[in-house]
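Novice: Provided herewith is a single structure, encoded as structure tokens, for subsequent inquiry.
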Amino acid sequence: MSANFDLLEDEILTRLQPLVTANASILLEKTPEDEADYNRVWKRPLISVFAESANFEETVDTAIQTQSSDARVIVSVHTKKLRGESGCRNLVSAVEAKLLGYRPSNYKKLSLVSEQYQFNTNIWECFIVFSAKGHIVEVDDTTPPPNLVNIQYETAENADWFDVPNTNNPDTL
């Protein structure tokens with residue numbers, strides 16, 4: 001699922017790109033991986049995307065195993081203001097409008113699970129949780145390996161040629 005999470009994050013970032021195009025002061029990125037990036041000073045509004053987890057339902061085993069999954073994606077918004085055009089509430093509404101009902105590859109439409117606002121070290125934050133149903137299928141690896149046979153040909157005096165029997169004539173076999 002890790003590769004699917006990277007793809008899911010990339011598609012959501014692409015979907016949110018018009019928000020940044022319309023307002024150049026907004027930063028848009030995947031949630032940082034380095035701890036130092038979490039402790040930076042927020043000078044501009046930031047929207048970050050993180051595919052958090054997936055829960056899997058019971059398997060359906062009909063020769064090939066399949067499972068439904070429920071992926072959770074967290075989009076966080078960080079701003080210095082709560083209200084107004086560049087405020088947290090306005091950006092959250094814009095993010096929800098862009099993503100609610102959006103259908104990423106290999107998933108059904110995104111649905112809204114929750115949003116939570118908090119004020120932390122002079123920054124307003126909102127964590128918006130989306131959910132998307134997906135489906136995973138077992139990779140069919142039942143193809144047998146090729147039958148490799150080493151054939152030794154005997155030739156007269158190690159010549160560069162050999163006699164191939166005439167398979168149409170049973171007397172030469």
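Just so we're on the same page: first chain in the structure tokens is A, next is B, and so on; residues restart at 1 for each chain, and ligands are numbered from 1 in the order they show up.
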Which residues are near A:Asn106? Cut-off 8 Å, only C-alpha atoms, ignore same chain within fewer than 2 positions. Put them as a PyMOL selection string.

Specialist: chain A and resi 104+108+134-135

Novice: Only N, CA and C atoms, please: the residues just picked out, written as a PDB file, in the first residue's frame.

Specialist:
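Written file, again_6.pdb:
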ATOM      1  N   PRO A 104      -9.776   9.689  -6.717  1.00  0.00           N
ATOM      2  CA  PRO A 104      -8.398   9.366  -7.098  1.00  0.00           C
ATOM      3  C   PRO A 104      -8.334   7.983  -7.765  1.00  0.00           C
ATOM      4  N   LYS A 108     -12.709   4.876  -4.699  1.00  0.00           N
ATOM      5  CA  LYS A 108     -13.989   5.526  -4.931  1.00  0.00           C
ATOM      6  C   LYS A 108     -13.858   6.981  -4.493  1.00  0.00           C
ATOM      7  N   GLY A 134     -11.219   1.704  -1.373  1.00  0.00           N
ATOM      8  CA  GLY A 134     -10.408   1.155  -2.452  1.00  0.00           C
ATOM      9  C   GLY A 134     -10.559  -0.353  -2.494  1.00  0.00           C
ATOM     10  N   HIS A 135      -9.819  -0.971  -3.349  1.00  0.00           N
ATOM     11  CA  HIS A 135      -9.897  -2.421  -3.495  1.00  0.00           C
ATOM     12  C   HIS A 135      -8.514  -2.943  -3.860  1.00  0.00           C
TER      13      HIS A 135
END

Novice: Smallest atom-to-atom distance to A:Lys80: which of A:Thr21, A:Asn120, A:Asn4, A:Thr14, using only C-alpha atoms?

Specialist: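 When distances to A:Lys80 are compared using only C-alpha atoms, the smallest one comes from A:Asn120.
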
Novice: Can you tell me, as a VMD selection string, which residues in stretch 14-99 of chain A count as strand (DSSP E) by DSSP?

Specialist: chain A and resid 27 to 30 46 to 62 64 to 79

Novice: Filtering to N, CA and C atoms, could you give me those residues as a compact mmCIF listing (two decimals), in the first residue's frame?

Specialist:
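Written out: again.txt:
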# COMPACT_ATOMS: atom_id res chain seq x y z
N LEU A 27 1.28 27.92 0.31
CA LEU A 27 2.22 26.83 0.05
C LEU A 27 1.44 25.52 0.03
N LEU A 28 1.81 24.61 -0.85
CA LEU A 28 1.16 23.32 -0.97
C LEU A 28 2.24 22.25 -1.03
N GLU A 29 2.17 21.25 -0.15
CA GLU A 29 3.22 20.22 -0.12
C GLU A 29 2.72 18.95 0.56
N LYS A 30 3.50 17.89 0.37
CA LYS A 30 3.27 16.68 1.16
C LYS A 30 3.71 16.98 2.59
N LEU A 46 -0.23 27.39 4.72
CA LEU A 46 0.29 26.11 4.23
C LEU A 46 -0.82 25.08 4.20
N ILE A 47 -0.89 24.34 3.11
CA ILE A 47 -1.78 23.19 3.00
C ILE A 47 -0.87 21.99 2.76
N SER A 48 -0.96 20.98 3.62
CA SER A 48 -0.14 19.79 3.43
C SER A 48 -1.02 18.55 3.41
N VAL A 49 -0.55 17.52 2.70
CA VAL A 49 -1.33 16.29 2.47
C VAL A 49 -0.56 15.10 3.00
N PHE A 50 -1.27 14.21 3.68
CA PHE A 50 -0.65 13.01 4.25
C PHE A 50 -1.63 11.85 4.18
N ALA A 51 -1.29 10.80 3.44
CA ALA A 51 -2.09 9.58 3.44
C ALA A 51 -1.72 8.82 4.71
N GLU A 52 -2.62 8.80 5.67
CA GLU A 52 -2.30 8.33 7.01
C GLU A 52 -2.37 6.82 7.17
N SER A 53 -3.46 6.21 6.75
CA SER A 53 -3.63 4.79 7.06
C SER A 53 -4.64 4.15 6.13
N ALA A 54 -4.73 2.84 6.25
CA ALA A 54 -5.76 2.09 5.52
C ALA A 54 -6.23 0.96 6.41
N ASN A 55 -7.52 0.76 6.43
CA ASN A 55 -8.12 -0.36 7.14
C ASN A 55 -8.65 -1.32 6.10
N PHE A 56 -8.52 -2.60 6.38
CA PHE A 56 -8.92 -3.61 5.40
C PHE A 56 -10.07 -4.44 5.93
N GLU A 57 -11.01 -4.73 5.05
CA GLU A 57 -12.16 -5.54 5.41
C GLU A 57 -11.83 -7.01 5.20
N GLU A 58 -12.79 -7.87 5.49
CA GLU A 58 -12.58 -9.30 5.31
C GLU A 58 -12.25 -9.62 3.85
N THR A 59 -11.51 -10.70 3.69
CA THR A 59 -11.13 -11.08 2.33
C THR A 59 -12.24 -11.83 1.65
N VAL A 60 -12.27 -11.73 0.36
CA VAL A 60 -13.15 -12.52 -0.48
C VAL A 60 -12.22 -13.43 -1.27
N ASP A 61 -12.35 -14.73 -1.05
CA ASP A 61 -11.43 -15.67 -1.67
C ASP A 61 -12.16 -16.49 -2.72
N THR A 62 -12.00 -16.10 -3.96
CA THR A 62 -12.57 -16.84 -5.08
C THR A 62 -11.45 -17.11 -6.06
N ILE A 64 -8.72 -16.06 -6.47
CA ILE A 64 -7.80 -14.97 -6.22
C ILE A 64 -8.38 -14.14 -5.07
N GLN A 65 -7.57 -13.82 -4.10
CA GLN A 65 -8.02 -13.11 -2.91
C GLN A 65 -8.18 -11.62 -3.18
N THR A 66 -9.30 -11.05 -2.73
CA THR A 66 -9.54 -9.61 -2.87
C THR A 66 -9.99 -9.05 -1.53
N GLN A 67 -9.71 -7.78 -1.32
CA GLN A 67 -10.11 -7.11 -0.09
C GLN A 67 -10.49 -5.67 -0.39
N SER A 68 -11.51 -5.21 0.31
CA SER A 68 -11.84 -3.79 0.27
C SER A 68 -10.98 -3.09 1.30
N SER A 69 -10.63 -1.85 1.01
CA SER A 69 -9.83 -1.07 1.95
C SER A 69 -10.45 0.31 2.10
N ASP A 70 -10.13 0.94 3.21
CA ASP A 70 -10.61 2.28 3.48
C ASP A 70 -9.40 3.13 3.83
N ALA A 71 -8.95 3.95 2.90
CA ALA A 71 -7.77 4.80 3.11
C ALA A 71 -8.19 6.11 3.75
N ARG A 72 -7.36 6.59 4.66
CA ARG A 72 -7.60 7.87 5.33
C ARG A 72 -6.50 8.85 4.92
N VAL A 73 -6.94 10.02 4.49
CA VAL A 73 -6.02 11.07 4.07
C VAL A 73 -6.27 12.30 4.95
N ILE A 74 -5.18 12.85 5.48
CA ILE A 74 -5.30 14.05 6.30
C ILE A 74 -4.72 15.23 5.52
N VAL A 75 -5.54 16.25 5.36
CA VAL A 75 -5.09 17.50 4.75
C VAL A 75 -5.06 18.52 5.89
N SER A 76 -3.89 19.09 6.14
CA SER A 76 -3.78 20.07 7.22
C SER A 76 -3.61 21.46 6.63
N VAL A 77 -4.24 22.42 7.29
CA VAL A 77 -4.16 23.82 6.88
C VAL A 77 -3.59 24.59 8.06
N HIS A 78 -2.55 25.39 7.82
CA HIS A 78 -1.89 26.18 8.85
C HIS A 78 -1.88 27.65 8.39
N THR A 79 -2.45 28.53 9.20
CA THR A 79 -2.45 29.96 8.89
C THR A 79 -2.33 30.77 10.17

Novice: Take atom CA of A:Pro45 and atom CA of A:Cys88 and report the distance between them in Å, one decimal.

Specialist: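 Taking atom CA of A:Pro45 and atom CA of A:Cys88, their separation equals 8.2 Å.
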
Novice: Can you work out the spacing between atom CA of A:Leu110 and atom CA of A:Leu13 in Å, to one decimal?

Specialist: 13.8 Å

Novice: How many Å separate atom CA of A:Val129 from atom CA of A:Leu112?

Specialist: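 Taking atom CA of A:Val129 as the start and atom CA of A:Leu112 as the end point, the length is 6.3 Å.
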
Novice: For A:Lys81, which of A:Asn147, A:Ser105, A:Asn23, A:Asn122 is the closest residue, counting only C-alpha atoms?

Specialist: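 Of all the options, A:Asn122 lies closest to A:Lys81.
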
Novice: May I ask which of the residues A:Gln118, A:Leu99, A:Ser86, A:Thr31 is the closest one to A:Asp6, counting only C-alpha atoms?

Specialist: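 Of all the options, A:Thr31 lies closest to A:Asp6.
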
Novice: So, with only C-alpha atoms as the atoms that count, which of A:Ala94, A:Leu7, A:Lys133, A:Ser114 lies closest to A:Val20?

Specialist: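 Using only C-alpha atoms, the shortest distance to A:Val20 belongs to A:Ala94.
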
Novice: Tell me which of A:Ala24, A:Ala97, A:Leu19, A:Leu82 sits closest to A:Cys126, counting only C-alpha atoms.

Specialist: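 Under the stated criterion, the closest residue is A:Leu82.
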
Novice: Between A:Val113, A:Lys98, A:Ile123, A:Ile136, which residue has the minimum interatomic distance to A:Ile12, considering only C-alpha atoms?

Specialist: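 Ranking A:Val113, A:Lys98, A:Ile123, A:Ile136 by distance to A:Ile12, first place goes to A:Lys98.
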